[in-house]
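Listing of model_35.cif; format and content: mmCIF, C-alpha atoms and all ligand atoms.
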```
data_work
#
loop_
_atom_site.label_atom_id
_atom_site.label_comp_id
_atom_site.auth_asym_id
_atom_site.auth_seq_id
_atom_site.Cartn_x
_atom_site.Cartn_y
_atom_site.Cartn_z
CA MET A 768 0.00 0.00 0.00
CA GLN A 769 1.58 3.25 -1.10
CA LEU A 770 0.43 6.83 -1.29
CA ILE A 771 0.22 7.41 -5.05
CA ASP A 772 -2.46 9.54 -6.69
CA LYS A 773 -4.18 9.28 -10.06
CA TYR A 774 -1.55 11.58 -11.59
CA HIS A 775 1.16 9.06 -10.55
CA ARG A 776 2.58 11.38 -7.88
CA LYS A 777 4.06 9.63 -4.84
CA PHE A 778 3.64 11.11 -1.35
CA GLU A 779 6.51 10.27 1.01
CA TYR A 780 6.60 13.67 2.74
CA LEU A 781 4.14 14.59 5.51
CA ARG A 782 3.82 18.12 6.88
CA LEU A 783 2.39 17.84 10.37
CA SER A 784 1.15 20.95 12.14
CA ILE A 785 1.26 20.61 15.93
CA THR A 786 -0.21 24.01 16.83
CA ASP A 787 -1.99 26.94 15.14
CA GLU A 788 -0.62 29.38 17.67
CA CYS A 789 2.13 31.84 16.91
CA ASN A 790 3.96 34.61 18.77
CA PHE A 791 4.85 36.62 15.61
CA LYS A 792 2.67 38.96 13.56
CA CYS A 793 4.07 38.47 10.06
CA ASN A 794 2.32 40.98 7.81
CA TYR A 795 1.54 38.35 5.13
CA CYS A 796 0.31 35.68 7.57
CA LEU A 797 -1.06 36.88 10.95
CA PRO A 798 -0.86 40.71 10.76
CA ASP A 799 -3.05 41.07 13.86
CA GLY A 800 -1.34 38.24 15.71
CA TYR A 801 -2.82 34.90 16.68
CA GLN A 802 -6.51 35.15 17.58
CA ARG A 803 -7.66 32.54 20.05
CA THR A 804 -11.34 32.27 19.10
CA HIS A 805 -12.15 29.15 21.09
CA GLN A 806 -10.10 26.65 23.04
CA LYS A 807 -8.65 24.10 20.63
CA GLN A 808 -7.13 20.82 21.72
CA PHE A 809 -4.09 20.21 19.55
CA LEU A 810 -3.00 16.66 18.79
CA SER A 811 -1.54 14.86 21.80
CA GLN A 812 1.66 12.82 21.64
CA ASN A 813 -0.39 9.64 21.64
CA GLU A 814 -2.51 10.84 18.71
CA ILE A 815 0.65 11.93 16.85
CA GLN A 816 2.21 8.50 17.38
CA ASN A 817 -0.83 6.69 15.98
CA LEU A 818 -0.89 9.05 13.00
CA ILE A 819 2.82 8.68 12.21
CA ASN A 820 2.70 4.88 12.55
CA ALA A 821 -0.03 4.76 9.88
CA PHE A 822 1.73 7.20 7.53
CA ALA A 823 5.05 5.36 7.93
CA GLU A 824 3.37 2.09 6.94
CA LEU A 825 2.01 3.88 3.86
CA GLY A 826 5.54 4.81 2.79
CA THR A 827 6.08 8.21 4.45
CA SER A 828 9.77 8.66 5.21
CA LYS A 829 10.04 12.42 5.87
CA VAL A 830 8.01 14.42 8.40
CA ARG A 831 8.14 18.21 8.74
CA ILE A 832 6.83 19.51 12.06
CA THR A 833 5.26 22.90 11.51
CA GLY A 834 2.56 25.27 12.77
CA GLY A 835 1.83 28.16 13.77
CA GLU A 836 5.07 28.17 15.66
CA PRO A 837 5.82 24.52 16.50
CA SER A 838 8.44 25.31 19.12
CA LEU A 839 5.83 27.04 21.30
CA ARG A 840 4.78 23.58 22.43
CA LYS A 841 6.55 22.53 25.62
CA ASP A 842 6.65 18.92 24.43
CA PHE A 843 8.26 19.85 21.08
CA PRO A 844 11.54 17.91 21.81
CA ASN A 845 9.50 14.85 22.85
CA ILE A 846 7.51 15.03 19.62
CA ILE A 847 10.73 15.21 17.59
CA GLU A 848 12.13 12.18 19.40
CA GLN A 849 8.95 10.20 19.10
CA ILE A 850 8.67 10.74 15.32
CA ALA A 851 12.41 10.23 14.74
CA THR A 852 12.31 6.83 16.42
CA THR A 853 9.28 5.57 14.45
CA ASP A 854 10.10 2.67 12.10
CA GLY A 855 10.29 3.86 8.51
CA ILE A 856 10.80 7.57 9.27
CA LYS A 857 14.22 8.60 7.97
CA LYS A 858 14.02 12.35 8.35
CA VAL A 859 12.32 14.64 10.88
CA VAL A 860 12.63 18.33 10.05
CA THR A 861 10.97 21.53 11.17
CA THR A 862 10.17 25.07 10.05
CA THR A 863 10.42 27.75 12.74
CA ASN A 864 10.44 31.50 13.19
CA GLY A 865 13.59 30.98 15.28
CA PHE A 866 12.54 32.95 18.37
CA ASN A 867 14.04 30.41 20.80
CA LEU A 868 16.49 28.70 18.45
CA SER A 869 19.70 30.04 19.99
CA LYS A 870 18.72 28.37 23.26
CA HIS A 871 17.39 25.07 21.90
CA ALA A 872 19.08 24.19 18.58
CA GLU A 873 21.48 21.67 20.14
CA HIS A 874 18.78 20.09 22.27
CA TRP A 875 16.49 19.56 19.23
CA PHE A 876 19.41 18.13 17.25
CA GLU A 877 20.04 15.64 20.05
CA ALA A 878 16.34 14.74 20.09
CA GLY A 879 16.68 13.57 16.46
CA LEU A 880 15.89 16.58 14.27
CA SER A 881 17.92 16.21 11.07
CA ALA A 882 17.43 19.57 9.36
CA ILE A 883 15.84 22.92 10.08
CA ASN A 884 14.26 25.77 8.11
CA VAL A 885 14.24 29.22 9.69
CA SER A 886 12.10 32.09 8.42
CA ILE A 887 14.02 35.37 8.03
CA ASP A 888 12.39 37.82 5.64
CA SER A 889 15.07 40.50 5.81
CA LEU A 890 18.69 40.87 6.90
CA ASP A 891 17.95 44.40 8.05
CA ALA A 892 16.89 44.44 11.71
CA ASN A 893 14.36 47.28 11.24
CA THR A 894 12.73 45.69 8.20
CA PHE A 895 12.63 42.34 10.04
CA ASN A 896 10.79 44.07 12.89
CA LEU A 897 8.43 45.81 10.45
CA ILE A 898 7.52 42.49 8.75
CA THR A 899 7.26 40.21 11.81
CA GLY A 900 6.31 42.60 14.61
CA LYS A 901 9.24 41.23 16.64
CA ASN A 902 12.38 43.20 17.38
CA ILE A 903 14.59 40.10 17.72
CA PHE A 904 16.48 39.93 14.43
CA HIS A 905 19.89 39.43 16.09
CA LYS A 906 18.57 36.68 18.35
CA VAL A 907 17.17 34.78 15.35
CA MET A 908 20.49 35.14 13.52
CA GLU A 909 22.27 33.74 16.61
CA GLY A 910 19.87 30.83 16.34
CA VAL A 911 20.95 30.17 12.75
CA ASP A 912 24.60 30.12 13.89
CA ALA A 913 23.64 27.73 16.71
CA CYS A 914 22.09 25.37 14.13
CA ILE A 915 25.28 25.30 12.08
CA THR A 916 27.35 24.66 15.22
CA ALA A 917 24.95 21.95 16.44
CA GLY A 918 25.66 19.96 13.25
CA PHE A 919 22.35 19.87 11.37
CA GLU A 920 22.83 18.22 7.98
CA GLN A 921 21.03 21.18 6.37
CA VAL A 922 20.03 24.67 7.47
CA LYS A 923 17.65 26.58 5.19
CA VAL A 924 16.41 30.13 5.52
CA ASN A 925 12.99 31.12 4.13
CA SER A 926 12.33 34.63 2.92
CA VAL A 927 8.97 35.65 1.48
CA LEU A 928 9.49 38.00 -1.48
CA MET A 929 7.63 41.29 -1.11
CA LYS A 930 7.70 44.14 -3.62
CA GLY A 931 9.25 47.27 -2.10
CA LEU A 932 9.91 45.57 1.25
CA ASN A 933 12.76 43.13 0.66
CA ASP A 934 13.12 42.73 -3.12
CA ASN A 935 16.19 44.98 -3.20
CA ASP A 936 18.04 42.83 -0.68
CA LEU A 937 19.40 40.19 -3.09
CA SER A 938 23.01 41.42 -2.98
CA THR A 939 22.98 41.54 0.86
CA PHE A 940 21.58 38.00 1.01
CA LEU A 941 24.16 36.78 -1.55
CA ALA A 942 27.03 38.36 0.43
CA TRP A 943 25.75 36.58 3.56
CA ILE A 944 25.69 33.07 2.05
CA LYS A 945 29.06 33.42 0.33
CA GLN A 946 30.77 32.04 3.47
CA GLN A 947 27.75 30.36 5.11
CA PRO A 948 26.59 26.81 4.25
CA ILE A 949 22.94 27.88 4.17
CA GLN A 950 20.28 27.27 1.52
CA LEU A 951 18.48 30.59 1.24
CA ARG A 952 15.01 30.30 -0.33
CA PHE A 953 12.91 33.07 -1.75
CA ILE A 954 9.22 32.17 -1.57
CA GLU A 955 6.68 33.90 -3.78
CA LEU A 956 4.01 35.51 -1.62
CA MET A 957 0.83 33.40 -1.89
CA GLN A 958 -2.72 34.63 -1.67
CA THR A 959 -4.83 33.24 1.16
CA ASP A 960 -8.43 33.95 2.20
CA ASP A 961 -7.33 36.72 4.58
CA ASN A 962 -4.57 38.56 2.70
CA ALA A 963 -6.00 39.45 -0.76
CA GLU A 964 -5.30 43.18 -0.48
CA PHE A 965 -1.77 42.62 0.85
CA PHE A 966 -1.12 40.06 -1.88
CA ASN A 967 -2.22 42.45 -4.65
CA ARG A 968 0.10 45.11 -3.34
CA TYR A 969 3.23 43.07 -2.56
CA HIS A 970 3.28 39.92 -4.72
CA LEU A 971 6.32 39.59 -6.95
CA SER A 972 7.40 36.75 -9.23
CA GLY A 973 10.65 34.93 -8.41
CA GLN A 974 11.53 34.89 -12.11
CA SER A 975 13.50 38.18 -11.89
CA ILE A 976 15.77 36.60 -9.25
CA LYS A 977 16.16 33.48 -11.38
CA ASP A 978 17.24 35.68 -14.33
CA VAL A 979 19.86 37.46 -12.19
CA LEU A 980 21.21 34.16 -10.84
CA LEU A 981 21.51 32.60 -14.29
CA SER A 982 23.27 35.72 -15.60
CA GLN A 983 25.79 35.42 -12.73
CA GLN A 984 26.77 31.78 -13.43
CA TRP A 985 24.54 30.13 -10.82
CA VAL A 986 23.66 26.57 -11.91
CA GLN A 987 20.35 24.77 -11.26
CA LYS A 988 20.55 21.45 -9.35
CA ASN A 989 18.57 18.27 -10.08
CA ARG A 990 15.65 17.46 -7.76
CA HIS A 991 15.44 14.33 -5.56
CA ALA A 992 12.25 12.42 -4.66
CA ASN A 993 11.78 13.78 -1.12
CA ASP A 994 12.87 17.35 -1.83
CA GLY A 995 10.64 20.32 -1.14
CA PRO A 996 9.24 22.46 -3.95
CA ALA A 997 12.24 24.77 -4.43
CA GLU A 998 14.31 25.14 -7.61
CA VAL A 999 17.83 25.11 -6.17
CA PHE A 1000 20.92 26.88 -7.57
CA PHE A 1001 24.62 26.63 -6.63
CA HIS A 1002 27.72 28.63 -7.50
CA PRO A 1003 31.37 27.52 -7.16
CA ASP A 1004 32.31 30.73 -5.29
CA TYR A 1005 29.56 30.36 -2.66
CA LEU A 1006 29.28 27.98 0.30
CA GLY A 1007 25.53 28.59 0.37
CA GLU A 1008 22.81 27.85 -2.18
CA ILE A 1009 19.73 29.71 -3.39
CA GLY A 1010 16.27 28.15 -3.65
CA LEU A 1011 13.26 29.63 -5.42
CA ILE A 1012 9.74 28.53 -4.47
CA MET A 1013 7.47 29.73 -7.26
CA PRO A 1014 3.97 28.27 -6.83
CA TYR A 1015 2.58 30.57 -9.54
CA SER A 1016 4.90 29.12 -12.16
CA LYS A 1017 3.60 26.63 -14.70
CA ASP A 1018 3.84 22.95 -13.69
CA PHE A 1019 4.79 23.75 -10.04
CA CYS A 1020 2.35 21.10 -8.76
CA ASP A 1021 3.57 18.35 -11.12
CA ASN A 1022 6.19 17.51 -8.47
CA CYS A 1023 3.82 17.65 -5.50
CA ASN A 1024 5.08 15.02 -3.05
CA ARG A 1025 3.53 16.12 0.25
CA LEU A 1026 0.35 15.71 2.28
CA ARG A 1027 -0.64 17.74 5.33
CA VAL A 1028 -2.28 17.03 8.65
CA SER A 1029 -3.48 20.01 10.69
CA ALA A 1030 -2.97 20.50 14.42
CA VAL A 1031 -6.51 19.21 15.04
CA GLY A 1032 -6.04 16.08 12.96
CA ARG A 1033 -7.54 16.95 9.59
CA LEU A 1034 -5.90 15.56 6.45
CA HIS A 1035 -5.39 18.28 3.82
CA LEU A 1036 -4.61 17.07 0.32
CA CYS A 1037 -3.38 20.50 -0.79
CA LEU A 1038 -2.18 23.70 0.88
CA PHE A 1039 -5.09 25.36 -0.91
CA GLY A 1040 -7.61 22.54 -0.68
CA GLU A 1041 -10.98 22.65 1.00
CA ASP A 1042 -11.90 21.71 4.56
CA GLY A 1043 -9.89 18.50 4.87
CA VAL A 1044 -10.83 15.03 6.06
CA ASP A 1045 -11.22 14.42 9.78
CA LEU A 1046 -8.87 11.68 11.03
CA ARG A 1047 -9.02 12.47 14.73
CA HIS A 1048 -11.52 9.80 15.78
CA LEU A 1049 -9.13 7.23 14.26
CA LEU A 1050 -6.11 8.50 16.24
CA GLN A 1051 -7.38 7.56 19.69
CA ASN A 1052 -6.58 3.87 19.59
CA SER A 1053 -3.73 2.03 17.85
CA ALA A 1054 -6.23 -0.73 17.00
CA ASP A 1055 -7.82 1.66 14.46
CA LYS A 1056 -4.66 1.77 12.32
CA ALA A 1057 -6.07 -0.29 9.43
CA GLU A 1058 -9.13 1.95 9.15
CA LEU A 1059 -6.94 5.05 9.45
CA LYS A 1060 -4.77 3.85 6.57
CA SER A 1061 -7.74 3.02 4.36
CA THR A 1062 -9.30 6.44 5.11
CA ILE A 1063 -6.09 8.20 4.03
CA LEU A 1064 -5.85 6.08 0.86
CA ALA A 1065 -9.49 6.74 -0.02
CA ALA A 1066 -9.07 10.49 0.50
CA LEU A 1067 -6.02 10.59 -1.77
CA LYS A 1068 -8.22 9.54 -4.70
CA GLU A 1069 -9.77 13.03 -4.53
CA LYS A 1070 -6.49 14.96 -4.74
CA LYS A 1071 -6.57 17.55 -7.54
CA SER A 1072 -3.76 18.01 -10.03
CA SER A 1073 -2.93 21.53 -8.88
CA HIS A 1074 -4.01 24.56 -6.87
CA PHE A 1075 -6.32 27.17 -8.42
CA LEU A 1076 -4.48 30.27 -7.21
CA ASP A 1077 -4.25 31.71 -10.72
CA LEU A 1078 -8.07 31.92 -10.63
CA GLY A 1079 -7.87 33.68 -7.24
CA LEU A 1080 -9.27 30.56 -5.49
CA THR A 1081 -7.55 30.00 -2.15
CA GLY A 1082 -9.52 26.91 -1.14
CA GLY A 1083 -10.65 28.12 2.26
CA THR A 1084 -7.16 28.55 3.73
CA PRO A 1085 -7.42 31.75 5.87
CA HIS A 1086 -3.62 32.00 6.33
CA LEU A 1087 -0.76 29.52 6.19
CA ALA A 1088 -0.46 29.37 10.01
CA SER A 1089 -3.80 27.54 9.98
CA ILE A 1090 -2.38 24.54 8.16
CA GLY A 1091 1.41 24.82 8.47
CA GLY A 1092 2.55 26.40 5.19
N1 LIG B 1 2.06 26.18 -2.93
C1 LIG B 1 2.84 25.44 -2.14
N2 LIG B 1 3.75 26.05 -1.39
C2 LIG B 1 4.51 25.27 -0.61
C3 LIG B 1 4.39 23.89 -0.57
N3 LIG B 1 5.28 23.39 0.30
C4 LIG B 1 5.94 24.43 0.80
N4 LIG B 1 5.47 25.58 0.23
C5 LIG B 1 5.89 26.95 0.52
O1 LIG B 1 7.23 26.96 0.85
C6 LIG B 1 7.37 27.39 2.17
C7 LIG B 1 8.59 26.79 2.77
O2 LIG B 1 8.35 25.48 3.10
P1 LIG B 1 9.17 24.79 4.24
O3 LIG B 1 8.31 24.58 5.43
O4 LIG B 1 10.43 25.53 4.48
O5 LIG B 1 9.45 23.42 3.63
P2 LIG B 1 9.85 22.84 2.20
O6 LIG B 1 10.27 23.91 1.28
O7 LIG B 1 8.80 21.90 1.76
O8 LIG B 1 11.03 22.03 2.68
P3 LIG B 1 12.26 21.26 2.21
O9 LIG B 1 11.88 19.88 2.44
O10 LIG B 1 13.29 21.73 3.17
O11 LIG B 1 12.61 21.68 0.83
C8 LIG B 1 6.04 26.99 2.80
O12 LIG B 1 5.77 27.65 3.95
C9 LIG B 1 5.12 27.42 1.72
O13 LIG B 1 5.02 28.82 1.75
C10 LIG B 1 3.41 23.29 -1.39
O14 LIG B 1 3.21 22.09 -1.43
N5 LIG B 1 2.66 24.12 -2.14
C1 LIG B 2 3.24 29.19 8.17
S1 LIG B 2 4.90 29.28 8.70
C2 LIG B 2 4.96 28.06 10.01
C3 LIG B 2 6.31 27.87 10.62
C4 LIG B 2 6.93 29.03 11.38
N1 LIG B 2 5.99 29.78 12.14
C5 LIG B 2 7.69 29.91 10.43
O1 LIG B 2 7.27 31.04 10.17
O2 LIG B 2 8.72 29.47 9.94
C6 LIG B 2 5.82 28.41 7.39
C7 LIG B 2 6.31 29.26 6.28
O3 LIG B 2 5.22 29.79 5.57
C8 LIG B 2 5.63 31.00 5.01
N2 LIG B 2 4.42 31.76 4.67
C9 LIG B 2 3.41 32.11 5.51
N3 LIG B 2 2.45 32.77 4.84
C10 LIG B 2 2.85 32.84 3.56
C11 LIG B 2 2.27 33.38 2.37
N4 LIG B 2 1.09 33.98 2.37
N5 LIG B 2 2.96 33.24 1.21
C12 LIG B 2 4.16 32.61 1.19
N6 LIG B 2 4.74 32.07 2.29
C13 LIG B 2 4.11 32.18 3.45
C14 LIG B 2 6.45 31.63 6.11
O4 LIG B 2 7.33 32.60 5.66
C15 LIG B 2 7.21 30.42 6.65
O5 LIG B 2 8.46 30.29 6.00
S1 LIG B 3 4.77 32.96 9.07
FE1 LIG B 3 5.18 31.66 10.84
S2 LIG B 3 6.06 33.14 12.30
FE2 LIG B 3 5.04 34.36 10.82
S3 LIG B 3 2.98 34.70 11.65
FE3 LIG B 3 2.88 32.92 10.27
S4 LIG B 3 3.12 31.17 11.58
FE4 LIG B 3 3.87 32.96 12.71
S1 LIG B 4 -0.30 23.83 -4.18
FE1 LIG B 4 -1.24 21.88 -3.59
S2 LIG B 4 -0.94 20.50 -5.34
FE2 LIG B 4 0.43 22.26 -5.60
S3 LIG B 4 2.39 21.60 -4.73
FE3 LIG B 4 1.27 22.68 -3.10
S4 LIG B 4 0.13 21.08 -2.02
FE4 LIG B 4 0.81 20.21 -3.94
#
```

If you convert what's in this file into structure tokens, what do you get?
Amino acid sequence: MQLIDKYHRKFEYLRLSITDECNFKCNYCLPDGYQRTHQKQFLSQNEIQNLINAFAELGTSKVRITGGEPSLRKDFPNIIEQIATTDGIKKVVTTTNGFNLSKHAEHWFEAGLSAINVSIDSLDANTFNLITGKNIFHKVMEGVDACITAGFEQVKVNSVLMKGLNDNDLSTFLAWIKQQPIQLRFIELMQTDDNAEFFNRYHLSGQSIKDVLLSQQWVQKNRHANDGPAEVFFHPDYLGEIGLIMPYSKDFCDNCNRLRVSAVGRLHLCLFGEDGVDLRHLLQNSADKAELKSTILAALKEKKSSHFLDLGLTGGTPHLASIGG
């Protein structure tokens, strides 16, 4: 039994959100901060274990723990360890805003985290503050250094491209990664239910960056099966790499290799899909594993070939914190 859809795409990568909550106010994601509308019970460690056991038996080998801000959970290191020691899981990775990274990078590495992605939208402390609502740029950068020292096999930095806010920063970013073994990724700003006006004002294609890179002898790398969606470029004079995540480009979804489960246990077939399929009642007891697996397999039959962002359809995703990006 394998997770393969009708377009012959194989899904070995699970993005698991463990909380919706976040302590940042990124202007493209949660500009007014996290709003606690009603008390939600996020997945417990027991529920997570039952979920991961089923996915691993269906061929999942890589799990990204995301959120909201995943490291806000006190049991975050336990969750890392628990997933990393599940049979069949080869890689446990996370995406974080880095607020407590300098303190915990080594601890998470020891718990079994193999790689880490840190979101840093600008290398200018004031602009960072303006975008995220947090005046802790230097602390986050210390966290990136702590990741490199801790020995993670890969450290990536995510930067959402925004017209007039950080699109002139390419040379500063390039100077930074010349001597740093970091994969720096520029992500095209995506429209969600809540950010239409912001999107119209700030969205910018990554193609202009691609053109600059190719004109400066950067070379595109081949993709591997479990890789994320970035087009990756290297240069012999740079220790770091550049990645471009361009969901508005043609054929972006042809390589889709990931499924998502939200922090309340709903299976989402696409970042911009509809409501999702409730799995939670099947996560309470390990004896329900067979039914859980068949529910996931049945749901996959409905996965669409692509998103419909070019038609302005955001599939009911209010913001990416709600489902883990
Ligand atoms: N449209 C779309 N965007 C995605 C998808 N996966 C990731 N992204 C975007 O890319 C951002 C960065 O993703 P990360 O959490 O760093 O993970 P990744 O790029 O899948 O990870 P790697 O495995 O490290 O390459 C996400 O927050 C999204 O904004 C996807 O399947 N579809
Ligand atoms: C939703 S966050 C969750 C993890 C963590 N809080 C963080 O920011 O790294 C994951 C990623 O989604 C990206 N993101 C959020 N909203 C986005 C949007 N509308 N368009 C593109 N990327 C977005 C963020 O920059 C971040 O890199
Ligand atoms: S992008 Fe991440 S850090 Fe920023 S508000 Fe969204 S969930 Fe929080
Ligand atoms: S937008 Fe949906 S179909 Fe396309 S790559 Fe992302 S998750 Fe896959």

Each residue of chain A with at least one atom at most 9 Å from ligand LIG 1 (chain B) should appear once, together with its nearest atom pair and the corresponding distance in Å (one decimal); atoms considered: all atoms listed in the file; ordering: chain, then increasing residue number; output as a Markdown table.
```
| residue | atom | partner | partner_atom | distance |
| --- | --- | --- | --- | --- |
| A:Tyr780 | CA | B:LIG1 | O9 | 8.2 |
| A:Arg782 | CA | B:LIG1 | O3 | 8.0 |
| A:Lys829 | CA | B:LIG1 | O9 | 8.4 |
| A:Val830 | CA | B:LIG1 | O9 | 9.0 |
| A:Arg831 | CA | B:LIG1 | O3 | 7.2 |
| A:Ile832 | CA | B:LIG1 | O3 | 8.5 |
| A:Thr833 | CA | B:LIG1 | O3 | 7.0 |
| A:Val860 | CA | B:LIG1 | O10 | 7.7 |
| A:Thr861 | CA | B:LIG1 | O3 | 7.0 |
| A:Thr862 | CA | B:LIG1 | O3 | 5.0 |
| A:Thr863 | CA | B:LIG1 | O3 | 8.2 |
| A:Ala882 | CA | B:LIG1 | O10 | 7.8 |
| A:Ile883 | CA | B:LIG1 | O10 | 7.5 |
| A:Asn884 | CA | B:LIG1 | O4 | 5.3 |
| A:Val885 | CA | B:LIG1 | O4 | 7.4 |
| A:Ser886 | CA | B:LIG1 | O4 | 7.8 |
| A:Gln921 | CA | B:LIG1 | O10 | 8.4 |
| A:Val922 | CA | B:LIG1 | O10 | 8.5 |
| A:Lys923 | CA | B:LIG1 | O10 | 6.8 |
| A:Val924 | CA | B:LIG1 | O4 | 7.6 |
| A:Asn925 | CA | B:LIG1 | O4 | 6.2 |
| A:Ser926 | CA | B:LIG1 | C7 | 8.7 |
| A:Val927 | CA | B:LIG1 | O13 | 7.9 |
| A:Arg952 | CA | B:LIG1 | C7 | 7.9 |
| A:Phe953 | CA | B:LIG1 | O1 | 8.7 |
| A:Ile954 | CA | B:LIG1 | O1 | 6.1 |
| A:Glu955 | CA | B:LIG1 | O13 | 7.7 |
| A:Leu956 | CA | B:LIG1 | O13 | 7.6 |
| A:Met957 | CA | B:LIG1 | O13 | 7.2 |
| A:Asn993 | CA | B:LIG1 | O9 | 7.1 |
| A:Asp994 | CA | B:LIG1 | O9 | 5.1 |
| A:Gly995 | CA | B:LIG1 | O11 | 3.1 |
| A:Pro996 | CA | B:LIG1 | O6 | 5.5 |
| A:Ala997 | CA | B:LIG1 | O6 | 6.1 |
| A:Gly1010 | CA | B:LIG1 | O11 | 8.7 |
| A:Ile1012 | CA | B:LIG1 | O1 | 6.1 |
| A:Met1013 | CA | B:LIG1 | N1 | 7.8 |
| A:Pro1014 | CA | B:LIG1 | N1 | 4.8 |
| A:Tyr1015 | CA | B:LIG1 | N1 | 8.0 |
| A:Phe1019 | CA | B:LIG1 | N1 | 8.0 |
| A:Cys1020 | CA | B:LIG1 | N5 | 7.3 |
| A:Asn1022 | CA | B:LIG1 | O14 | 8.9 |
| A:Cys1023 | CA | B:LIG1 | O14 | 6.1 |
| A:Asn1024 | CA | B:LIG1 | O14 | 7.5 |
| A:Arg1025 | CA | B:LIG1 | O14 | 6.2 |
| A:Leu1026 | CA | B:LIG1 | O14 | 7.9 |
| A:Arg1027 | CA | B:LIG1 | O14 | 8.9 |
| A:Cys1037 | CA | B:LIG1 | O14 | 6.8 |
| A:Leu1038 | CA | B:LIG1 | N5 | 5.7 |
| A:Phe1039 | CA | B:LIG1 | N1 | 7.5 |
| A:His1074 | CA | B:LIG1 | N1 | 7.4 |
| A:Leu1076 | CA | B:LIG1 | N1 | 8.8 |
| A:Leu1087 | CA | B:LIG1 | O12 | 7.2 |
| A:Ala1088 | CA | B:LIG1 | O12 | 8.9 |
| A:Gly1091 | CA | B:LIG1 | O12 | 6.9 |
| A:Gly1092 | CA | B:LIG1 | O12 | 3.7 |
```

Using all atoms listed in the file, find the one residue out of A:Leu941, A:Glu964, A:Thr827, A:Asp787 that sits nearest to His805 (chain A). A:Asp787

Here is a test: counting only C-alpha atoms and all ligand atoms, which residue of A:Ile847, A:Met768, A:Leu825, A:Leu971 is nearest to ligand LIG 2 (chain B)? A:Leu971

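Using all atoms listed in the file, the smallest distance between any of A:Lys1071, A:Ser982, A:Ile944, A:Gly1007 and Asp1021 (chain A) comes from A:Lys1071.
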
Quick one: of A:Asn962, A:Thr916, A:Ser975, A:Val911, who's nearest to Asp934 (chain A), counting all atoms listed in the file? A:Ser975

Could you pull the residues within 9 Å of Gly1043 (chain A), counting only C-alpha atoms, minus those fewer than 5 positions along the same chain, as a PyMOL selection string? chain A and resi 1028-1029+1033-1037

Point (15.6, 4.6, 10.4), cut-off 12 Å, counting all atoms listed in the file, residues as a PyMOL selection string: chain A and resi 823+827-829+850-859+879+881

Kindly compute an axis-aligned box around the listed atoms of ligand LIG 4 (chain B), allowing 6 Å on each side, and express its centre and edge lengths in Å to one decimal as JSON.
```
{"center_x": 0.6, "center_y": 22.0, "center_z": -3.8, "size_x": 15.6, "size_y": 15.6, "size_z": 15.6}
```

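Atom FE2 of ligand LIG 3 (chain B) lies 14.9 Å from CA of Leu868 (chain A).
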
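Nearest to ligand LIG 3 (chain B) of all the residues A:Ala821, A:Ile887, A:Leu1059, A:Ala872 is A:Ile887, based on all atoms listed in the file.
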
If you count only C-alpha atoms, which residues fall within 12 Å of region 808-814 of chain A, apart from same-chain ones fewer than 5 positions away, as a PyMOL selection string? chain A and resi 783-788+803+819-821+834-835+837+840-850+1028-1033+1046-1053+1055-1056+1059

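Of the listed residues (A:Gly800, A:Gly910, A:Gly865, A:Gly1079), A:Gly865 comes nearest to ligand LIG 2 (chain B); the distances count all atoms listed in the file.
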
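In this structure, CA of Asn893 (chain A) sits 18.6 Å away from atom C5 of ligand LIG 2 (chain B).
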
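Take CA of Pro948 (chain A) and CA of Trp985 (chain A): the distance between them is 15.6 Å.
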
Place N, CA and C atoms on region 933-941 of chain A and deliver the coordinates as a tab-separated table (two decimals), in the coordinates of the input.
```tsv
chain	number	residue	atom	x	y	z
A	933	ASN	N	11.47	43.82	0.57
A	933	ASN	CA	12.76	43.13	0.66
A	933	ASN	C	13.30	42.71	-0.71
A	934	ASP	N	12.67	43.20	-1.80
A	934	ASP	CA	13.12	42.73	-3.12
A	934	ASP	C	14.43	43.37	-3.57
A	935	ASN	N	14.90	44.38	-2.84
A	935	ASN	CA	16.19	44.98	-3.20
A	935	ASN	C	17.34	44.39	-2.40
A	936	ASP	N	17.04	43.35	-1.61
A	936	ASP	CA	18.04	42.83	-0.68
A	936	ASP	C	18.89	41.70	-1.25
A	937	LEU	N	18.73	41.38	-2.55
A	937	LEU	CA	19.40	40.19	-3.09
A	937	LEU	C	20.91	40.23	-2.85
A	938	SER	N	21.55	41.39	-3.12
A	938	SER	CA	23.01	41.42	-2.98
A	938	SER	C	23.44	41.22	-1.52
A	939	THR	N	22.65	41.74	-0.57
A	939	THR	CA	22.98	41.54	0.86
A	939	THR	C	22.85	40.05	1.22
A	940	PHE	N	21.77	39.43	0.74
A	940	PHE	CA	21.58	38.00	1.01
A	940	PHE	C	22.73	37.19	0.38
A	941	LEU	N	23.10	37.54	-0.86
A	941	LEU	CA	24.16	36.78	-1.55
A	941	LEU	C	25.48	36.92	-0.80
```
